[in-house]
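K.L.:
To start, I am sharing the structure in question, which I have written as structure tokens.
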Amino acid sequence: MQRKAYVPGAAVLLAALLAGCSGASDDGGSPIDSKGGDTGTTAVAAQPGKYRTLPEACGAVDHDTLDSLLPGVRQLTDPAQQETAYEGEAALTYDTDRSDGCSWKVESASATDHLSVGFERVVSYDNAVSDDNKAEDLYTTRETAADLPEPAPSSTDASSSPSGDAGTPSGTGKTSGSSSSSSKDTAGDGSEPTPSGSGSPSETPAALQPRVLDDLADQAFLDDKLSTGSSTARQRTVTVVFRTSNVIVTIEYAEQPTASGGVPDSEEMQDRARKLADVLAGKLDG
């Protein structure tokens, strides 16, 4: 009896069908994923922040700096009271590597001064958001809430603007004899303008207005508020907030004169707060 001829093509077809059913790749790897969008790569986690710990807040301000901001400390005659004043009061915290703060309050013959310092180390729990970016978002929220005024035009911008009168300074549109009237208009009530640091923000020189600070840390701003009223001593509060990598530092410095009608000097208080901010920025990097 004659045998049937063997057909090689059928064997090849059968082998191909079996390979397709197995779902394996030619190189013996894992089965082909039917989800076309999955490339098999793992997303890279966002970078952690630069800082893992925080300075101890009550120890971050030295005695000389406290003497400058809180003159009443040097007026204390009892050594024990003076030492307690220098130590400050630590803020309640459950993790000093995440948040730490300290406050001081000292009375002197002329005023009551209050200082607080706070450190916050920001940690992002989102793998797609770095600690720095999270801290930047939180800082931006603080700056927006401060509602800083628009920065005044620089002297260069003013000098380059068209002159309103050939005999007046460029861009003012007023003669030199009307400067007093202009100042009264700025005050808004027809009264003479008050000295620097003793009135509302509209009466304060542009250099002392609440503003963004370009020469401090990664981001920073300064706020300056004066309590309302004229019959009692008015409290001035200068706040400096700055961010360095994933740490946000807040300084709040307030003074209220003892004498009725007294007004703290804006320039002096801002200068003291700025110097402290530079010191604390150095503590982070030290």
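Within each chain, counting starts at residue 1; across the structure tokens, chains are named A, B, ... in the order shown, with ligands numbered 1 upward in that order.
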Step one, run DSSP on the backbone; step two, keep only residues of segment 67-160 of chain A assigned to alpha helix (DSSP H); then write them as a ChimeraX atom specification.
P.N.:
/A:67-69,72-75,79-87,131-146,155-160
K.L.:
Could you list, with a cut-off of 8 Å and counting only C-alpha atoms, the residues of segment 51-124 of chain A near segment 132-147 of chain A, each shown with its nearest atom pair and the distance in Å rounded to one decimal, rows sorted by chain and ascending number, as CSV?
P.N.:
```
residue,atom,partner,partner_atom,distance
A:Val122,CA,A:Ala135,CA,5.6
A:Val123,CA,A:Lys134,CA,7.3
A:Ser124,CA,A:Lys134,CA,6.0
```
K.L.:
For the residues in the current selection, export N, CA and C atoms as a JSON list (two decimals), in the first residue's frame.
P.N.:
```
[["chain", "number", "residue", "atom", "x", "y", "z"],
["A", 122, "VAL", "N", 9.56, 71.02, 55.02],
["A", 122, "VAL", "CA", 8.45, 70.52, 54.20],
["A", 122, "VAL", "C", 8.83, 69.18, 53.58],
["A", 123, "VAL", "N", 7.94, 68.21, 53.69],
["A", 123, "VAL", "CA", 8.14, 66.90, 53.09],
["A", 123, "VAL", "C", 6.94, 66.59, 52.20],
["A", 124, "SER", "N", 7.21, 66.24, 50.97],
["A", 124, "SER", "CA", 6.14, 65.89, 50.03],
["A", 124, "SER", "C", 5.93, 64.38, 50.07]]
```
K.L.:
Restricting the calculation to only C-alpha atoms: of A:Arg243, A:Pro264, A:Val212, A:Leu54, which residue gets closest to Lys225 of chain A?
P.N.:
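Checking each of A:Arg243, A:Pro264, A:Val212, A:Leu54 against Lys225 of chain A, counting only C-alpha atoms, the winner is A:Pro264.
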K.L.:
Can you list, as a list in words, every protein, DNA or RNA residue that comes within 8 Å of Glu56 of chain A when you count only C-alpha atoms, leaving out same-chain residues fewer than 2 positions away?
P.N.:
Leu54, Cys58, Gly59, Ala60, Thr96, Asp100 and Gly101 of chain A
K.L.:
Between atom CA of Ser103 of chain A and atom CA of Val117 of chain A, measure the distance and give it in Å to one decimal.
P.N.:
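Distance between the two atoms: 6.4 Å.
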K.L.:
State, in Å with one decimal place, the distance from atom CA of Ala91 of chain A to atom CA of Glu120 of chain A.
P.N.:
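Straight-line distance from atom CA of Ala91 of chain A to atom CA of Glu120 of chain A works out to 12.1 Å.
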K.L.:
I'd like the contact shell of Val249 of chain A - 9 Å cut-off, only C-alpha atoms, skipping same-chain residues fewer than 4 positions apart - returned as a list in words.
P.N.:
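Counting only C-alpha atoms, the residues come to Val117, Gly118, Phe119, Glu120, Arg121, Val240, Val241, Phe242, Arg243, Thr244, Ala277, Leu280 and Ala281 of chain A.
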K.L.:
I need the residues from that last selection saved to file as a PDB file, in the first residue's frame (with N, CA, C and O atoms), if you can.
P.N.:
```pdb
ATOM      1  N   VAL A 117      10.343  83.081  66.210  1.00  0.00           N
ATOM      2  CA  VAL A 117      11.074  82.465  65.097  1.00  0.00           C
ATOM      3  C   VAL A 117      10.505  81.068  64.889  1.00  0.00           C
ATOM      4  O   VAL A 117      10.340  80.309  65.853  1.00  0.00           O
ATOM      5  N   GLY A 118      10.200  80.724  63.651  1.00  0.00           N
ATOM      6  CA  GLY A 118       9.667  79.403  63.351  1.00  0.00           C
ATOM      7  C   GLY A 118      10.349  78.766  62.156  1.00  0.00           C
ATOM      8  O   GLY A 118      10.582  79.423  61.137  1.00  0.00           O
ATOM      9  N   PHE A 119      10.699  77.478  62.286  1.00  0.00           N
ATOM     10  CA  PHE A 119      11.271  76.691  61.194  1.00  0.00           C
ATOM     11  C   PHE A 119      10.275  75.606  60.801  1.00  0.00           C
ATOM     12  O   PHE A 119       9.711  74.924  61.671  1.00  0.00           O
ATOM     13  N   GLU A 120      10.084  75.415  59.519  1.00  0.00           N
ATOM     14  CA  GLU A 120       9.228  74.325  59.029  1.00  0.00           C
ATOM     15  C   GLU A 120       9.943  73.592  57.904  1.00  0.00           C
ATOM     16  O   GLU A 120      10.309  74.190  56.888  1.00  0.00           O
ATOM     17  N   ARG A 121      10.159  72.295  58.109  1.00  0.00           N
ATOM     18  CA  ARG A 121      10.773  71.471  57.051  1.00  0.00           C
ATOM     19  C   ARG A 121       9.645  70.762  56.301  1.00  0.00           C
ATOM     20  O   ARG A 121       8.869  70.006  56.889  1.00  0.00           O
ATOM     21  N   VAL A 240       9.167  88.633  58.343  1.00  0.00           N
ATOM     22  CA  VAL A 240      10.033  88.183  57.243  1.00  0.00           C
ATOM     23  C   VAL A 240       9.832  86.684  57.081  1.00  0.00           C
ATOM     24  O   VAL A 240       9.958  85.923  58.055  1.00  0.00           O
ATOM     25  N   VAL A 241       9.497  86.263  55.876  1.00  0.00           N
ATOM     26  CA  VAL A 241       9.328  84.844  55.558  1.00  0.00           C
ATOM     27  C   VAL A 241      10.274  84.507  54.411  1.00  0.00           C
ATOM     28  O   VAL A 241      10.292  85.220  53.402  1.00  0.00           O
ATOM     29  N   PHE A 242      11.058  83.456  54.577  1.00  0.00           N
ATOM     30  CA  PHE A 242      11.925  83.056  53.466  1.00  0.00           C
ATOM     31  C   PHE A 242      11.977  81.537  53.354  1.00  0.00           C
ATOM     32  O   PHE A 242      11.740  80.808  54.317  1.00  0.00           O
ATOM     33  N   ARG A 243      12.282  81.101  52.129  1.00  0.00           N
ATOM     34  CA  ARG A 243      12.394  79.663  51.843  1.00  0.00           C
ATOM     35  C   ARG A 243      13.783  79.345  51.330  1.00  0.00           C
ATOM     36  O   ARG A 243      14.297  80.020  50.433  1.00  0.00           O
ATOM     37  N   THR A 244      14.384  78.325  51.928  1.00  0.00           N
ATOM     38  CA  THR A 244      15.644  77.781  51.443  1.00  0.00           C
ATOM     39  C   THR A 244      15.428  76.298  51.196  1.00  0.00           C
ATOM     40  O   THR A 244      15.188  75.550  52.144  1.00  0.00           O
ATOM     41  N   ALA A 277      17.219  87.517  59.823  1.00  0.00           N
ATOM     42  CA  ALA A 277      16.946  86.581  58.730  1.00  0.00           C
ATOM     43  C   ALA A 277      18.245  86.076  58.102  1.00  0.00           C
ATOM     44  O   ALA A 277      18.380  84.888  57.793  1.00  0.00           O
ATOM     45  N   LEU A 280      19.754  83.483  60.450  1.00  0.00           N
ATOM     46  CA  LEU A 280      19.063  82.187  60.439  1.00  0.00           C
ATOM     47  C   LEU A 280      19.308  81.435  59.127  1.00  0.00           C
ATOM     48  O   LEU A 280      19.401  80.205  59.127  1.00  0.00           O
ATOM     49  N   ALA A 281      19.412  82.170  58.020  1.00  0.00           N
ATOM     50  CA  ALA A 281      19.738  81.519  56.749  1.00  0.00           C
ATOM     51  C   ALA A 281      21.110  80.859  56.828  1.00  0.00           C
ATOM     52  O   ALA A 281      21.335  79.766  56.311  1.00  0.00           O
TER      53      ALA A 281
END
```
K.L.:
From the list A:Thr232, A:Ser110, A:Thr77, A:Ser68, which residue is nearest Glu268 of chain A when using only C-alpha atoms?
P.N.:
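Going through A:Thr232, A:Ser110, A:Thr77, A:Ser68 one by one, the smallest distance to Glu268 of chain A is for A:Ser68.
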K.L.:
What is the distance, in Å and to one decimal place, between atom CA of Pro149 of chain A and atom CA of Leu222 of chain A?
P.N.:
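Straight-line distance from atom CA of Pro149 of chain A to atom CA of Leu222 of chain A works out to 11.2 Å.
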K.L.:
Compare A:Leu213, A:Val129, A:Leu208, A:Leu69 by their minimum atom-to-atom distance to Ala254 of chain A, counting only C-alpha atoms, and give me the closest one.
P.N.:
A:Leu69
K.L.:
For segment 84-135 of chain A against segment 256-261 of chain A, with a cut-off of 7 Å and counting only C-alpha atoms, what is the closest atom pair and its distance in Å to one decimal for every residue that makes the cut, ordered by chain and number, as JSON lines?
P.N.:
```
{"residue": "A:Ser110", "atom": "CA", "partner": "A:Thr258", "partner_atom": "CA", "distance": 5.2}
{"residue": "A:Ala111", "atom": "CA", "partner": "A:Pro257", "partner_atom": "CA", "distance": 3.9}
{"residue": "A:Thr112", "atom": "CA", "partner": "A:Gln256", "partner_atom": "CA", "distance": 5.4}
{"residue": "A:Asp113", "atom": "CA", "partner": "A:Gln256", "partner_atom": "CA", "distance": 6.7}
```
K.L.:
Keeping only all heavy atoms, write the selected residues as a JSON list (two decimals), in the first residue's frame.
P.N.:
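Full text of selection-v3.json as output:
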```json
[["chain", "number", "residue", "atom", "x", "y", "z"],
["A", 110, "SER", "N", 10.64, 101.88, 77.67],
["A", 110, "SER", "CA", 10.00, 102.64, 76.59],
["A", 110, "SER", "C", 9.04, 101.82, 75.74],
["A", 110, "SER", "O", 8.20, 102.39, 75.02],
["A", 110, "SER", "CB", 11.07, 103.24, 75.67],
["A", 110, "SER", "OG", 11.89, 102.21, 75.12],
["A", 111, "ALA", "N", 9.13, 100.49, 75.77],
["A", 111, "ALA", "CA", 8.29, 99.68, 74.87],
["A", 111, "ALA", "C", 8.26, 98.23, 75.32],
["A", 111, "ALA", "O", 9.08, 97.78, 76.13],
["A", 111, "ALA", "CB", 8.80, 99.78, 73.44],
["A", 112, "THR", "N", 7.32, 97.50, 74.73],
["A", 112, "THR", "CA", 7.26, 96.04, 74.88],
["A", 112, "THR", "C", 7.61, 95.43, 73.54],
["A", 112, "THR", "O", 6.99, 95.76, 72.52],
["A", 112, "THR", "CB", 5.86, 95.57, 75.32],
["A", 112, "THR", "OG1", 5.56, 96.13, 76.61],
["A", 112, "THR", "CG2", 5.81, 94.06, 75.41],
["A", 113, "ASP", "N", 8.60, 94.55, 73.53],
["A", 113, "ASP", "CA", 9.05, 93.93, 72.28],
["A", 113, "ASP", "C", 8.75, 92.44, 72.30],
["A", 113, "ASP", "O", 8.90, 91.77, 73.34],
["A", 113, "ASP", "CB", 10.55, 94.15, 72.08],
["A", 113, "ASP", "CG", 10.89, 95.61, 71.85],
["A", 113, "ASP", "OD1", 10.68, 96.09, 70.72],
["A", 113, "ASP", "OD2", 11.36, 96.26, 72.81]]
```
